[in-house]
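J.: Following this message is one structure expressed as structure tokens.
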Amino acid sequence: MRSRKLRMGMVGGGPGAFIGQIHRMAAALTGEISLVCGAFSTDPAASREFGITLGLAPERSHPDYRALLAAEAALPPQERIDLLAVVTPNASHCEIACAALERGIAVFCEKPLATTVEEARQIAEASRRNARPVALAHTYAAYPMVIEARQRVRRGEIGAIRKIMVDYTQGWLAPARLPAEQKQAAWRMDPQRSGPSGCLGDIGVHAAHLAEYVTGRRITRLLADLGRTAGRALDDDAALLLRFDNGARGVLTASQISIGEENDLSFRIYGEHGHLRWRQQRPDSLMLAIGDGPVQVLRAGHSTLDSLTQAVSRLPPGHPEGYIESFANLYKEFCTQLRSGSTAWLPDVSDGVRGMQFIESAIRSSEAGGCWTPLNAEDAA
Ligand SMILES: NC(=O)c1ccc[n+]([C@@H]2O[C@H](COP(=O)([O-])OP(=O)(O)OC[C@H]3O[C@@H](n4cnc5c(N)ncnc54)[C@H](O)[C@@H]3O)[C@@H](O)[C@H]2O)c1
């Protein structure tokens, strides 16, 4: 496997879709993956046609994912796909991911992993039973300076963590009436396709994941206040207080109705000796302050950074890298995991289960009028 490209299939990401094209660019950027088959749309004819326009062989451009998996199983093992990218709306992740895992195919799944904790656990169990890994598309975890922050926390540079602030603010759902052709908004506000949460499932899980991923601390309890615009079935705004397993306190805000905001994700992490701050809109910079000394700006691409950070930077300092490169880092690390059996930092199925626990407990807390709620049964003990 080491000497050849890995073969990838894709489900979702058809004409006009957002994230599927990013996955295709990111996978190509690794130089280690070839897209060889797909089922790209809910419309069978459009799905086949789209595969052909991407340059896939007609016999590997499928009307739906079942046809794709059946066709793969009929191929000689040396021609089958090694991984399947699942880039459909949330409600179909579980069914598609489990079907692929049962056929022995590794899965690169979009977040949120599923629509319930139970579904997420089904995927985890299918992954374990078939000994095939699941990577989770927590894009922001793969930015070089986020990995640098994580490594510095792990080395104890800012000391024991005391306070964690994460904020993910967008404005694209601010208009009370969205244009009918805005299909990304339509499914995100439909519980049948999105699951039980809008804003938390779409962006809040990224923020919650970063809080745990960078600090190594686990959220044990939360208190949530979820808001929704009149006429919408799901939340589009959220404010949460968090408690972590070491007693640290946190605040998480996520909003899609903050008019005029773009994709403003940031964290501030305060330890006993110092703090770290990062903002997605300036991803190559990480702010570090030790004690009451001046804030230092650490910049991507420098040889003084952690070796893991350097391994996910392609360019020298001052040459910005961003969203697509970060996605490519996820794919590259998944290739490493598929070839070697291990990964140093890739978000996986357990992060997906945590994400669903976060969403479900936030909904429970908010529906109870804003009560402190454990993230899972063990945390309640
Ligand atoms: N990691 C990130 O930063 C990030 C960003 C955006 C979206 N997402 C996630 O990606 C997923 C897709 O979001 P999007 O914005 O690209 O949606 P989208 O509506 O733009 O695209 C979804 C595509 O999937 C196709 N599709 C739906 N069901 C299908 C099925 N059963 N079989 C085959 N194709 C099917 C649709 O026809 C469409 O082409 C969601 O889970 C979302 O949460 C993640």
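Residue numbering restarts at 1 for every chain of the structure tokens, chains are lettered A, B, ... in their displayed order, and ligands are numbered from 1 as they appear.
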Write out as a list in words each polymer residue (protein, DNA or RNA) that has an atom no more than 6 Å from ligand 1, with only C-alpha atoms and all ligand atoms counted.

T.: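 Using only C-alpha atoms and all ligand atoms, I find these residues within 6 Å of ligand 1: Val11, Gly12, Gly13, Gly14, Pro15, Ala17, Phe18, Ile19, Gly20, Ala39, Phe40, Ser41, Thr42, Asp64, Tyr65, Val87, Thr88, Pro89, Asn90, Glu110, Lys111, Pro112, Ala137, His138, Thr139, Lys183, Gln184 and Asp202 of chain A.
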
J.: Mind dumping the selected residues with N, CA and C atoms as an mmCIF file, in the first residue's frame?

T.:
data_model
loop_
_atom_site.group_PDB
_atom_site.id
_atom_site.type_symbol
_atom_site.label_atom_id
_atom_site.label_comp_id
_atom_site.auth_asym_id
_atom_site.auth_seq_id
_atom_site.Cartn_x
_atom_site.Cartn_y
_atom_site.Cartn_z
ATOM 1 N N VAL A 11 -19.430 9.954 -1.307
ATOM 2 C CA VAL A 11 -20.902 9.996 -1.330
ATOM 3 C C VAL A 11 -21.325 11.397 -0.915
ATOM 4 N N GLY A 12 -22.102 12.067 -1.772
ATOM 5 C CA GLY A 12 -22.454 13.474 -1.578
ATOM 6 C C GLY A 12 -21.500 14.345 -2.380
ATOM 7 N N GLY A 13 -21.670 15.674 -2.215
ATOM 8 C CA GLY A 13 -20.739 16.579 -2.907
ATOM 9 C C GLY A 13 -21.051 16.763 -4.375
ATOM 10 N N GLY A 14 -22.338 16.675 -4.730
ATOM 11 C CA GLY A 14 -22.742 16.817 -6.125
ATOM 12 C C GLY A 14 -22.782 18.261 -6.598
ATOM 13 N N PRO A 15 -23.481 18.505 -7.732
ATOM 14 C CA PRO A 15 -23.501 19.854 -8.317
ATOM 15 C C PRO A 15 -23.959 20.910 -7.312
ATOM 16 N N ALA A 17 -22.838 21.620 -4.419
ATOM 17 C CA ALA A 17 -22.616 21.310 -3.002
ATOM 18 C C ALA A 17 -21.399 22.080 -2.487
ATOM 19 N N PHE A 18 -21.390 22.366 -1.190
ATOM 20 C CA PHE A 18 -20.291 23.141 -0.614
ATOM 21 C C PHE A 18 -19.052 22.276 -0.346
ATOM 22 N N ILE A 19 -19.200 21.320 0.574
ATOM 23 C CA ILE A 19 -17.980 20.758 1.156
ATOM 24 C C ILE A 19 -17.356 19.647 0.307
ATOM 25 N N GLY A 20 -18.169 18.994 -0.545
ATOM 26 C CA GLY A 20 -17.619 17.905 -1.360
ATOM 27 C C GLY A 20 -16.459 18.362 -2.224
ATOM 28 N N ALA A 39 -20.997 8.543 -5.613
ATOM 29 C CA ALA A 39 -22.453 8.682 -5.756
ATOM 30 C C ALA A 39 -22.722 10.052 -5.161
ATOM 31 N N PHE A 40 -22.918 11.037 -6.016
ATOM 32 C CA PHE A 40 -22.732 12.423 -5.593
ATOM 33 C C PHE A 40 -24.004 13.168 -5.218
ATOM 34 N N SER A 41 -25.150 12.611 -5.591
ATOM 35 C CA SER A 41 -26.385 13.389 -5.438
ATOM 36 C C SER A 41 -27.552 12.478 -5.096
ATOM 37 N N THR A 42 -28.610 13.089 -4.558
ATOM 38 C CA THR A 42 -29.839 12.311 -4.301
ATOM 39 C C THR A 42 -30.580 12.021 -5.617
ATOM 40 N N ASP A 64 -26.422 5.820 -6.683
ATOM 41 C CA ASP A 64 -26.576 5.974 -5.227
ATOM 42 C C ASP A 64 -25.495 5.173 -4.507
ATOM 43 N N TYR A 65 -25.409 5.360 -3.188
ATOM 44 C CA TYR A 65 -24.287 4.750 -2.459
ATOM 45 C C TYR A 65 -24.386 3.230 -2.391
ATOM 46 N N VAL A 87 -19.914 12.963 2.607
ATOM 47 C CA VAL A 87 -20.048 14.425 2.647
ATOM 48 C C VAL A 87 -21.493 14.855 2.350
ATOM 49 N N THR A 88 -22.410 14.045 2.825
ATOM 50 C CA THR A 88 -23.850 14.323 2.687
ATOM 51 C C THR A 88 -24.330 15.091 3.922
ATOM 52 N N PRO A 89 -25.553 15.624 3.882
ATOM 53 C CA PRO A 89 -26.113 16.204 5.119
ATOM 54 C C PRO A 89 -26.145 15.167 6.251
ATOM 55 N N ASN A 90 -26.193 15.669 7.480
ATOM 56 C CA ASN A 90 -25.932 14.869 8.687
ATOM 57 C C ASN A 90 -26.755 13.584 8.822
ATOM 58 N N GLU A 110 -17.915 13.543 7.392
ATOM 59 C CA GLU A 110 -18.154 14.924 7.793
ATOM 60 C C GLU A 110 -18.729 14.958 9.212
ATOM 61 N N LYS A 111 -18.575 16.111 9.844
ATOM 62 C CA LYS A 111 -19.174 16.340 11.161
ATOM 63 C C LYS A 111 -20.537 16.975 10.971
ATOM 64 N N PRO A 112 -21.444 16.954 11.908
ATOM 65 C CA PRO A 112 -21.377 16.074 13.072
ATOM 66 C C PRO A 112 -21.435 14.623 12.604
ATOM 67 N N ALA A 137 -14.128 15.060 10.054
ATOM 68 C CA ALA A 137 -13.671 16.292 9.394
ATOM 69 C C ALA A 137 -13.745 17.512 10.314
ATOM 70 N N HIS A 138 -13.019 17.454 11.432
ATOM 71 C CA HIS A 138 -12.897 18.646 12.273
ATOM 72 C C HIS A 138 -11.747 19.485 11.714
ATOM 73 N N THR A 139 -12.091 20.199 10.665
ATOM 74 C CA THR A 139 -11.148 20.961 9.855
ATOM 75 C C THR A 139 -10.150 21.788 10.671
ATOM 76 N N LYS A 183 -29.851 26.187 -0.715
ATOM 77 C CA LYS A 183 -30.155 24.823 -0.274
ATOM 78 C C LYS A 183 -29.353 24.408 0.963
ATOM 79 N N GLN A 184 -28.174 25.003 1.136
ATOM 80 C CA GLN A 184 -27.392 24.679 2.345
ATOM 81 C C GLN A 184 -28.165 25.087 3.609
ATOM 82 N N ASP A 202 -23.938 22.359 13.352
ATOM 83 C CA ASP A 202 -23.182 22.882 12.214
ATOM 84 C C ASP A 202 -21.841 23.460 12.631
#

J.: What lies within 12 Å of Tyr143 in chain A using only C-alpha atoms, ignoring chain neighbours under 4 positions off, as a PyMOL selection string?

T.: chain A and resi 138-139+147-150+210+214+278-286+299-301+308-314+320-330+345-346

J.: Those residues you just picked out, can you put them in a file as a CSV table (one decimal), in the first residue's frame with C-alpha atoms?

T.:
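Listed below is the output, selection.csv:
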chain,number,residue,atom,x,y,z
A,138,HIS,CA,-12.9,18.6,12.3
A,139,THR,CA,-11.1,21.0,9.9
A,147,ILE,CA,-1.6,21.9,16.5
A,148,GLU,CA,1.1,24.2,17.8
A,149,ALA,CA,-1.2,25.4,20.6
A,150,ARG,CA,-2.1,21.8,21.5
A,210,LEU,CA,-11.4,22.6,19.7
A,214,VAL,CA,-6.3,21.9,22.2
A,278,TRP,CA,-5.9,31.8,17.9
A,279,ARG,CA,-8.4,33.2,15.4
A,280,GLN,CA,-9.4,31.4,12.2
A,281,GLN,CA,-9.4,34.5,10.1
A,282,ARG,CA,-5.7,34.9,10.8
A,283,PRO,CA,-4.8,31.2,11.0
A,284,ASP,CA,-1.0,31.6,10.6
A,285,SER,CA,-0.6,33.5,13.9
A,286,LEU,CA,-0.8,32.1,17.4
A,299,ARG,CA,4.0,32.4,13.0
A,300,ALA,CA,3.5,29.3,10.9
A,301,GLY,CA,6.3,27.9,8.8
A,308,LEU,CA,4.1,18.1,14.4
A,309,THR,CA,3.3,21.7,13.4
A,310,GLN,CA,6.1,21.8,10.9
A,311,ALA,CA,4.9,18.5,9.4
A,312,VAL,CA,1.5,20.1,8.5
A,313,SER,CA,3.0,23.3,7.0
A,314,ARG,CA,3.8,23.3,3.3
A,320,PRO,CA,-0.5,32.0,4.0
A,321,GLU,CA,-2.1,28.6,4.2
A,322,GLY,CA,-5.8,28.1,5.1
A,323,TYR,CA,-8.9,26.1,4.9
A,324,ILE,CA,-8.2,23.8,2.0
A,325,GLU,CA,-4.7,23.0,3.2
A,326,SER,CA,-6.1,22.3,6.6
A,327,PHE,CA,-8.5,19.8,5.1
A,328,ALA,CA,-5.6,18.3,3.1
A,329,ASN,CA,-3.8,17.8,6.4
A,330,LEU,CA,-6.7,15.7,7.7
A,345,TRP,CA,-3.5,13.9,16.1
A,346,LEU,CA,-6.4,13.0,13.8

J.: Tell me, as an MDAnalysis selection string, which residues lie within 12 Å of Tyr213 in chain A, counting only C-alpha atoms; anything in the same chain fewer than 5 positions away does not count.

T.: chainID A and resid 138 140:142 146:151 153:154 164 166 205:208 218:219 267 269 345:348 350:351 354:355

J.: Which residues are close to range 118-125 of chain A, i.e. within 8 Å by only C-alpha atoms, leaving aside same-chain residues fewer than 2 positions away? Reply as a short mmCIF file (atom, residue, chain, number, x, y, z; two decimals) with C-alpha atoms, in the first residue's frame.

T.:
data_model
loop_
_atom_site.label_atom_id
_atom_site.label_comp_id
_atom_site.auth_asym_id
_atom_site.auth_seq_id
_atom_site.Cartn_x
_atom_site.Cartn_y
_atom_site.Cartn_z
CA CYS A 94 -24.73 6.85 10.00
CA ALA A 97 -20.70 5.13 7.11
CA CYS A 98 -21.89 1.88 8.69
CA LEU A 113 -20.70 12.33 12.95
CA ALA A 114 -24.41 11.55 13.22
CA THR A 115 -27.70 12.94 14.51
CA THR A 116 -27.83 11.12 17.88
CA SER A 127 -15.50 0.71 13.04
CA ARG A 128 -14.29 -1.50 15.91
CA ARG A 129 -15.96 -4.68 14.63
CA VAL A 349 -14.93 8.36 15.82
CA SER A 350 -14.59 8.95 19.56
CA GLY A 352 -17.72 12.17 16.90
CA VAL A 353 -19.41 10.44 19.85
CA MET A 356 -23.13 14.13 19.74
#

J.: Ranking A:Arg4, A:Arg48, A:Arg277, A:Arg217 by minimum distance to Glu32 in chain A and counting only C-alpha atoms, which one comes first?

T.: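 Closest to Glu32 in chain A of all the choices is A:Arg4.
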
J.: Within 8 Å of Glu262 in chain A, counting only C-alpha atoms, which residues show up once you throw out same-chain ones fewer than 3 positions away? Write them as an mmCIF file with C-alpha atoms, in the first residue's frame, please.

T.:
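result.cif was written with the following content:
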data_model
loop_
_atom_site.group_PDB
_atom_site.id
_atom_site.type_symbol
_atom_site.label_atom_id
_atom_site.label_comp_id
_atom_site.auth_asym_id
_atom_site.auth_seq_id
_atom_site.Cartn_x
_atom_site.Cartn_y
_atom_site.Cartn_z
ATOM 1 C CA THR A 169 -19.710 33.424 14.966
ATOM 2 C CA GLN A 170 -21.351 33.604 11.537
ATOM 3 C CA GLY A 171 -24.075 35.838 10.096
ATOM 4 C CA TRP A 172 -25.298 33.992 7.008
#

J.: So that I can check the surroundings of Cys37 in chain A, please list as an MDAnalysis selection string every protein, DNA and RNA residue that reaches within 9 Å of it, counting only C-alpha atoms and ignoring chain neighbours fewer than 6 positions away.

T.: chainID A and resid 7:11 51 56:57 59:62 68 81

J.: Per DSSP on the backbone, filter range 55-295 of chain A down to the residues in helix (DSSP H, G or I) and report them as a VMD selection string.

T.: chain A and resid 58 to 60 65 to 74 77 to 79 90 to 102 117 to 130 139 to 142 144 to 154 183 to 188 191 to 194 199 to 215

J.: Keeping only C-alpha atoms, take the residues you just selected and write them out as a PDB file, in the first residue's frame.

T.:
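Dumped everything to result.pdb:
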ATOM      1  CA  PRO A  58     -18.907   5.745 -16.268  1.00  0.00           C
ATOM      2  CA  GLU A  59     -19.046   2.343 -14.547  1.00  0.00           C
ATOM      3  CA  ARG A  60     -17.736   3.952 -11.351  1.00  0.00           C
ATOM      4  CA  TYR A  65     -24.287   4.750  -2.459  1.00  0.00           C
ATOM      5  CA  ARG A  66     -25.755   1.231  -2.370  1.00  0.00           C
ATOM      6  CA  ALA A  67     -24.864   0.734  -6.042  1.00  0.00           C
ATOM      7  CA  LEU A  68     -21.396   2.096  -5.295  1.00  0.00           C
ATOM      8  CA  LEU A  69     -20.763  -0.325  -2.426  1.00  0.00           C
ATOM      9  CA  ALA A  70     -22.173  -3.303  -4.370  1.00  0.00           C
ATOM     10  CA  ALA A  71     -19.978  -2.480  -7.374  1.00  0.00           C
ATOM     11  CA  GLU A  72     -16.898  -2.142  -5.142  1.00  0.00           C
ATOM     12  CA  ALA A  73     -17.566  -5.519  -3.536  1.00  0.00           C
ATOM     13  CA  ALA A  74     -17.705  -7.108  -7.011  1.00  0.00           C
ATOM     14  CA  PRO A  77      -9.624  -6.601  -3.895  1.00  0.00           C
ATOM     15  CA  GLN A  78      -6.661  -4.805  -5.474  1.00  0.00           C
ATOM     16  CA  GLU A  79      -9.026  -2.453  -7.322  1.00  0.00           C
ATOM     17  CA  ASN A  90     -25.932  14.869   8.687  1.00  0.00           C
ATOM     18  CA  ALA A  91     -28.936  12.515   8.762  1.00  0.00           C
ATOM     19  CA  SER A  92     -27.434  10.068   6.252  1.00  0.00           C
ATOM     20  CA  HIS A  93     -23.925   9.836   7.773  1.00  0.00           C
ATOM     21  CA  CYS A  94     -24.726   6.855  10.005  1.00  0.00           C
ATOM     22  CA  GLU A  95     -26.379   4.697   7.372  1.00  0.00           C
ATOM     23  CA  ILE A  96     -23.688   5.329   4.741  1.00  0.00           C
ATOM     24  CA  ALA A  97     -20.700   5.133   7.106  1.00  0.00           C
ATOM     25  CA  CYS A  98     -21.894   1.878   8.691  1.00  0.00           C
ATOM     26  CA  ALA A  99     -22.586   0.289   5.289  1.00  0.00           C
ATOM     27  CA  ALA A 100     -19.059   1.160   4.133  1.00  0.00           C
ATOM     28  CA  LEU A 101     -17.406  -0.072   7.341  1.00  0.00           C
ATOM     29  CA  GLU A 102     -19.310  -3.362   7.120  1.00  0.00           C
ATOM     30  CA  VAL A 117     -25.377   9.636  20.383  1.00  0.00           C
ATOM     31  CA  GLU A 118     -26.883   6.234  19.612  1.00  0.00           C
ATOM     32  CA  GLU A 119     -26.118   6.547  15.891  1.00  0.00           C
ATOM     33  CA  ALA A 120     -22.610   7.795  16.668  1.00  0.00           C
ATOM     34  CA  ARG A 121     -22.046   4.734  18.856  1.00  0.00           C
ATOM     35  CA  GLN A 122     -23.296   2.483  16.027  1.00  0.00           C
ATOM     36  CA  ILE A 123     -20.606   3.950  13.767  1.00  0.00           C
ATOM     37  CA  ALA A 124     -17.986   3.490  16.494  1.00  0.00           C
ATOM     38  CA  GLU A 125     -19.054  -0.126  16.934  1.00  0.00           C
ATOM     39  CA  ALA A 126     -18.989  -0.803  13.169  1.00  0.00           C
ATOM     40  CA  SER A 127     -15.502   0.709  13.037  1.00  0.00           C
ATOM     41  CA  ARG A 128     -14.294  -1.497  15.909  1.00  0.00           C
ATOM     42  CA  ARG A 129     -15.962  -4.681  14.629  1.00  0.00           C
ATOM     43  CA  ASN A 130     -14.547  -4.320  11.126  1.00  0.00           C
ATOM     44  CA  THR A 139     -11.148  20.961   9.855  1.00  0.00           C
ATOM     45  CA  TYR A 140      -9.864  23.489  12.359  1.00  0.00           C
ATOM     46  CA  ALA A 141      -7.948  20.882  14.354  1.00  0.00           C
ATOM     47  CA  ALA A 142      -5.592  20.512  11.389  1.00  0.00           C
ATOM     48  CA  PRO A 144      -0.683  24.257  11.886  1.00  0.00           C
ATOM     49  CA  MET A 145      -1.033  26.873  14.631  1.00  0.00           C
ATOM     50  CA  VAL A 146      -3.865  24.966  16.314  1.00  0.00           C
ATOM     51  CA  ILE A 147      -1.599  21.927  16.470  1.00  0.00           C
ATOM     52  CA  GLU A 148       1.140  24.208  17.828  1.00  0.00           C
ATOM     53  CA  ALA A 149      -1.231  25.436  20.561  1.00  0.00           C
ATOM     54  CA  ARG A 150      -2.111  21.844  21.451  1.00  0.00           C
ATOM     55  CA  GLN A 151       1.545  20.829  21.648  1.00  0.00           C
ATOM     56  CA  ARG A 152       2.415  23.817  23.849  1.00  0.00           C
ATOM     57  CA  VAL A 153      -0.433  22.996  26.249  1.00  0.00           C
ATOM     58  CA  ARG A 154       0.763  19.374  26.325  1.00  0.00           C
ATOM     59  CA  LYS A 183     -30.155  24.823  -0.274  1.00  0.00           C
ATOM     60  CA  GLN A 184     -27.392  24.679   2.345  1.00  0.00           C
ATOM     61  CA  ALA A 185     -29.627  26.699   4.690  1.00  0.00           C
ATOM     62  CA  ALA A 186     -32.743  24.668   3.856  1.00  0.00           C
ATOM     63  CA  TRP A 187     -31.413  21.324   5.046  1.00  0.00           C
ATOM     64  CA  ARG A 188     -29.566  22.815   8.018  1.00  0.00           C
ATOM     65  CA  PRO A 191     -34.597  18.324  11.660  1.00  0.00           C
ATOM     66  CA  GLN A 192     -35.148  15.416   9.240  1.00  0.00           C
ATOM     67  CA  ARG A 193     -31.882  16.157   7.447  1.00  0.00           C
ATOM     68  CA  SER A 194     -29.854  18.088  10.029  1.00  0.00           C
ATOM     69  CA  CYS A 199     -26.232  25.911  14.969  1.00  0.00           C
ATOM     70  CA  LEU A 200     -24.637  23.506  17.454  1.00  0.00           C
ATOM     71  CA  GLY A 201     -24.531  20.649  14.937  1.00  0.00           C
ATOM     72  CA  ASP A 202     -23.182  22.882  12.214  1.00  0.00           C
ATOM     73  CA  ILE A 203     -20.578  24.972  14.036  1.00  0.00           C
ATOM     74  CA  GLY A 204     -20.924  24.520  17.818  1.00  0.00           C
ATOM     75  CA  VAL A 205     -19.399  21.034  17.568  1.00  0.00           C
ATOM     76  CA  HIS A 206     -16.289  22.491  15.951  1.00  0.00           C
ATOM     77  CA  ALA A 207     -15.923  24.911  18.882  1.00  0.00           C
ATOM     78  CA  ALA A 208     -16.533  22.206  21.507  1.00  0.00           C
ATOM     79  CA  HIS A 209     -14.059  19.917  19.759  1.00  0.00           C
ATOM     80  CA  LEU A 210     -11.374  22.618  19.702  1.00  0.00           C
ATOM     81  CA  ALA A 211     -11.879  23.326  23.417  1.00  0.00           C
ATOM     82  CA  GLU A 212     -11.168  19.677  24.276  1.00  0.00           C
ATOM     83  CA  TYR A 213      -8.645  18.974  21.512  1.00  0.00           C
ATOM     84  CA  VAL A 214      -6.311  21.875  22.243  1.00  0.00           C
ATOM     85  CA  THR A 215      -6.445  21.637  26.048  1.00  0.00           C
TER      86      THR A 215
END

J.: Name the residues of range 29-96 of chain A that come out as strand (DSSP E) in a backbone DSSP run; write them as an NGL selection string.

T.: :A and (33-39 or 83-87)
